[in-house]
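Q: Please find one structure pasted underneath; my questions will follow.
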Amino acid sequence: MKRRNLLAVLLCATLASPLALAQNAIRLSTTTSTENSGLLAVLLPAFEAKTGIKVNVISVGTGKALELGKNGDVDVTLVHARPLEDKFVLDGWGIERRDVMYNDFIVVGPERDPAGIKGNKDVLAAFGKIAASGTRFISRGDNSGTDLMEKGYWQAAGTRPAGTNYVSAGLGMGEVLNMAAEMRAYTLTDRATYGAYKAKTGLAILVEGDKRMFNPYGIIAVNPAKHPGVNYKGAKQLIEWITSPEGQARIAAFKPAGEQLFFPSGSR
């Protein structure tokens with residue numbers, strides 16, 4: 001009798017384990033900047049320790065991150081392209097969007113600065129100079145938040161580097177920074193990823209401070225009405241935690257080499 005009872009308990013545990021595992025894990029799609037900067041390596045272990053929920057990260061451009069949410073391949077997404085985020089929610093794919101943090105974009109390039117843009121506070125004027133100088137510019141070319149912002153700057157400036165001087169890489173931010181260093185080219189980057197790659201690339205910050213380069217991040221749960229299989233409960237817990245005073249304090253305290261790379265904006 002005892003043996004049969006033990007086997008029954010083990011069988012129930014085995015049958016329940018996939019559900020238990022699903023409830024104790026969430027899939028997060030996010031941008032390369034949150035991953036490459038090292039921020040997630042600081043934030044997620046604290047969340048996991050507090051809740052017992054494992055976070056599995058897929059780090060891609062914002063466009064792809066939202067597409068994963070649309071397909072129900074993730075439970076929650078942390079991105080930085082507000083027009084795309086608003087459309088994602090408006091179309092019914094996401095719910096519970098909240099502001100999390102912000103940083104800014106910067107234009108970086110070779111220290112010798114052949115286009116003469118160093119110290120410029122107007123990103124559109126700087127882009128115009130890059131296009132006119134005949135120097136190379138490396139674009140993300142991956143439909144990320146950074147890529148969309150960059151394309152908007154070229155459109156507003158009414159110009160773009162010609163021919164082979166404009167390189168559409170189709171790569172993440174870290175890889176693009178490496179390419180810019182190797183090719184002595186300019187690129188647009190978020191400040192956080194630049195900070196992580198600065199020593200490796202030797203690229204200099206040449207343009208910063210334009211209000212058009214403000215870069216906010218938002219977190220959105222995938223709508224369980226669209227995809228009943230998503231772990232909405234776990235996603236909601238991450239959203240609540242990362243916008244709580246504890247989560248926001250950890251974002252503010254993230255200062256590699258003493259420099260704050262993200263600024264909290266989600267405390268309620």
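Labels used: A, B, ... for chains in the order of the structure tokens, numbers from 1 for residues in each chain, and numbers from 1 for ligands as shown.
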Wanna dump the stretch 185-245 of chain A-stretch 132-154 of chain A contacts at 6 Å for me, each residue with its shortest atom pair and the distance in Å to one decimal, counting only C-alpha atoms, ordered by chain and number, as a Markdown table?

A:
| residue | atom | partner | partner_atom | distance |
| --- | --- | --- | --- | --- |
| A:Ala185 | CA | A:Arg136 | CA | 4.9 |
| A:Tyr186 | CA | A:Phe137 | CA | 4.7 |
| A:Thr187 | CA | A:Ile138 | CA | 5.2 |

Q: Restrict the calculation to only C-alpha atoms, then for each residue of stretch 135-243 of chain A with any atom at most 7 Å from an atom of stretch 79-88 of chain A give the closest atom pair and their distance in Å to one decimal, rows by chain and rising residue number, as CSV.

A:
residue,atom,partner,partner_atom,distance
A:Gly145,CA,A:Ala81,CA,4.8
A:Asn215,CA,A:His80,CA,6.8
A:Pro216,CA,A:His80,CA,5.8
A:Tyr217,CA,A:His80,CA,4.3
A:Gly218,CA,A:Val79,CA,5.6
A:Ile219,CA,A:Val79,CA,6.5

Q: Let's have the selection written as a PDB file, in the first residue's frame, with all heavy atoms.

A:
ATOM      1  N   GLY A 145      14.757  49.923 -32.125  1.00  0.00           N
ATOM      2  CA  GLY A 145      14.420  51.283 -31.738  1.00  0.00           C
ATOM      3  C   GLY A 145      15.481  52.275 -32.184  1.00  0.00           C
ATOM      4  O   GLY A 145      15.172  53.383 -32.646  1.00  0.00           O
ATOM      5  N   ASN A 215      15.627  58.772 -24.961  1.00  0.00           N
ATOM      6  CA  ASN A 215      15.402  57.359 -25.269  1.00  0.00           C
ATOM      7  C   ASN A 215      14.680  56.642 -24.122  1.00  0.00           C
ATOM      8  O   ASN A 215      15.316  56.061 -23.248  1.00  0.00           O
ATOM      9  CB  ASN A 215      16.760  56.687 -25.554  1.00  0.00           C
ATOM     10  CG  ASN A 215      16.622  55.234 -25.959  1.00  0.00           C
ATOM     11  OD1 ASN A 215      15.646  54.836 -26.568  1.00  0.00           O
ATOM     12  ND2 ASN A 215      17.634  54.443 -25.614  1.00  0.00           N
ATOM     13  N   PRO A 216      13.329  56.668 -24.108  1.00  0.00           N
ATOM     14  CA  PRO A 216      12.578  56.016 -23.033  1.00  0.00           C
ATOM     15  C   PRO A 216      12.336  54.533 -23.296  1.00  0.00           C
ATOM     16  O   PRO A 216      12.213  54.106 -24.442  1.00  0.00           O
ATOM     17  CB  PRO A 216      11.251  56.779 -23.025  1.00  0.00           C
ATOM     18  CG  PRO A 216      11.075  57.191 -24.451  1.00  0.00           C
ATOM     19  CD  PRO A 216      12.456  57.433 -25.017  1.00  0.00           C
ATOM     20  N   TYR A 217      12.254  53.765 -22.222  1.00  0.00           N
ATOM     21  CA  TYR A 217      11.992  52.323 -22.288  1.00  0.00           C
ATOM     22  C   TYR A 217      10.653  52.006 -21.628  1.00  0.00           C
ATOM     23  O   TYR A 217      10.309  52.591 -20.596  1.00  0.00           O
ATOM     24  CB  TYR A 217      13.077  51.536 -21.553  1.00  0.00           C
ATOM     25  CG  TYR A 217      14.423  51.510 -22.232  1.00  0.00           C
ATOM     26  CD1 TYR A 217      15.247  52.634 -22.251  1.00  0.00           C
ATOM     27  CD2 TYR A 217      14.884  50.349 -22.841  1.00  0.00           C
ATOM     28  CE1 TYR A 217      16.490  52.609 -22.864  1.00  0.00           C
ATOM     29  CE2 TYR A 217      16.136  50.311 -23.458  1.00  0.00           C
ATOM     30  CZ  TYR A 217      16.927  51.441 -23.460  1.00  0.00           C
ATOM     31  OH  TYR A 217      18.156  51.409 -24.071  1.00  0.00           O
ATOM     32  N   GLY A 218       9.923  51.051 -22.208  1.00  0.00           N
ATOM     33  CA  GLY A 218       8.666  50.605 -21.627  1.00  0.00           C
ATOM     34  C   GLY A 218       8.601  49.095 -21.544  1.00  0.00           C
ATOM     35  O   GLY A 218       9.266  48.384 -22.309  1.00  0.00           O
ATOM     36  N   ILE A 219       7.801  48.586 -20.602  1.00  0.00           N
ATOM     37  CA  ILE A 219       7.601  47.147 -20.447  1.00  0.00           C
ATOM     38  C   ILE A 219       6.131  46.833 -20.683  1.00  0.00           C
ATOM     39  O   ILE A 219       5.246  47.577 -20.242  1.00  0.00           O
ATOM     40  CB  ILE A 219       8.083  46.656 -19.067  1.00  0.00           C
ATOM     41  CG1 ILE A 219       8.127  45.125 -19.023  1.00  0.00           C
ATOM     42  CG2 ILE A 219       7.236  47.232 -17.926  1.00  0.00           C
ATOM     43  CD1 ILE A 219       8.899  44.584 -17.826  1.00  0.00           C
TER      44      ILE A 219
END

Q: Hey, could you make a per-residue contact list for stretch 69-116 of chain A against stretch 171-178 of chain A with 12 Å as the cut-off, showing the nearest pair of atoms and its distance in Å to one decimal, counting only C-alpha atoms, sorted by chain and number, as JSON lines?

A:
{"residue": "A:Phe105", "atom": "CA", "partner": "A:Met173", "partner_atom": "CA", "distance": 11.8}
{"residue": "A:Val107", "atom": "CA", "partner": "A:Leu177", "partner_atom": "CA", "distance": 10.9}
{"residue": "A:Val108", "atom": "CA", "partner": "A:Leu177", "partner_atom": "CA", "distance": 8.7}
{"residue": "A:Gly109", "atom": "CA", "partner": "A:Leu177", "partner_atom": "CA", "distance": 9.0}
{"residue": "A:Pro110", "atom": "CA", "partner": "A:Leu177", "partner_atom": "CA", "distance": 11.0}

Q: I need the residues in stretch 153-267 of chain A that are strand (DSSP E or B) according to DSSP; give them as a PyMOL selection string.

A: chain A and resi 166-168+186-190+204-207+214-222+263-264

Q: Enter the distance from atom CA of A:Asp113 to atom CA of A:Ala156, in Å, rounded to one decimal.

A: 22.5 Å

Q: Name all residues at most 7 Å from stretch 28-38 of chain A (count only C-alpha atoms; drop same-chain ones fewer than 3 positions away) and give them as a list in words.

A: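 Everything that qualifies: Ala41, Val42, Val55, Asn56, Val57, Ile58, Ser59, Val60, Gly61, Thr62, Ala65, Val74, Asp75, Val76, Thr77, Leu78, Val79, Gly172, Met173, Gly174, Ala192, Thr193 and Ala196 of chain A.
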
Q: Write out as a PyMOL selection string which residues come within 9 Å of A:Ala157 when counting only C-alpha atoms, dropping same-chain ones fewer than 5 positions away.

A: chain A and resi 123-125+127-128+152

Q: One number please: atom CA of A:Asp104 to atom CA of A:Leu40, in Å, one decimal.

A: 17.9 Å

Q: I need the residues of stretch 63-226 of chain A that end up classed as helix (DSSP H, G or I) by DSSP on the backbone, written out as a ChimeraX atom specification.

A: /A:63-70,82-90,123-133,145-157,163-165,173-183,191-201,211-213

Q: Using only C-alpha atoms, which of the listed residues (A:Arg184, A:Arg212, A:Lys226, A:Arg191) sits closest to A:Gln260?

A: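 Once distances to A:Gln260 are computed over only C-alpha atoms, the minimum belongs to A:Arg191.
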
Q: Select, from A:Ile205, A:Ala199, A:Lys129, A:Ala180, the residue with the minimum atom-to-atom distance to A:Pro161, counting only C-alpha atoms.

A: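 Ranking A:Ile205, A:Ala199, A:Lys129, A:Ala180 by distance to A:Pro161, first place goes to A:Lys129.
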
Q: Any idea what's packed within 9 Å of A:Pro264, counting only C-alpha atoms, ignoring anything in its chain fewer than 6 positions away? Could you give it as number ranges by chain?

A: A: 99-102, 243, 247-252

Q: Could you check how far atom CA of A:Lys50 sits from atom CA of A:Val230, in Å to one decimal?

A: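 Calculated distance between atom CA of A:Lys50 and atom CA of A:Val230 is 21.1 Å.
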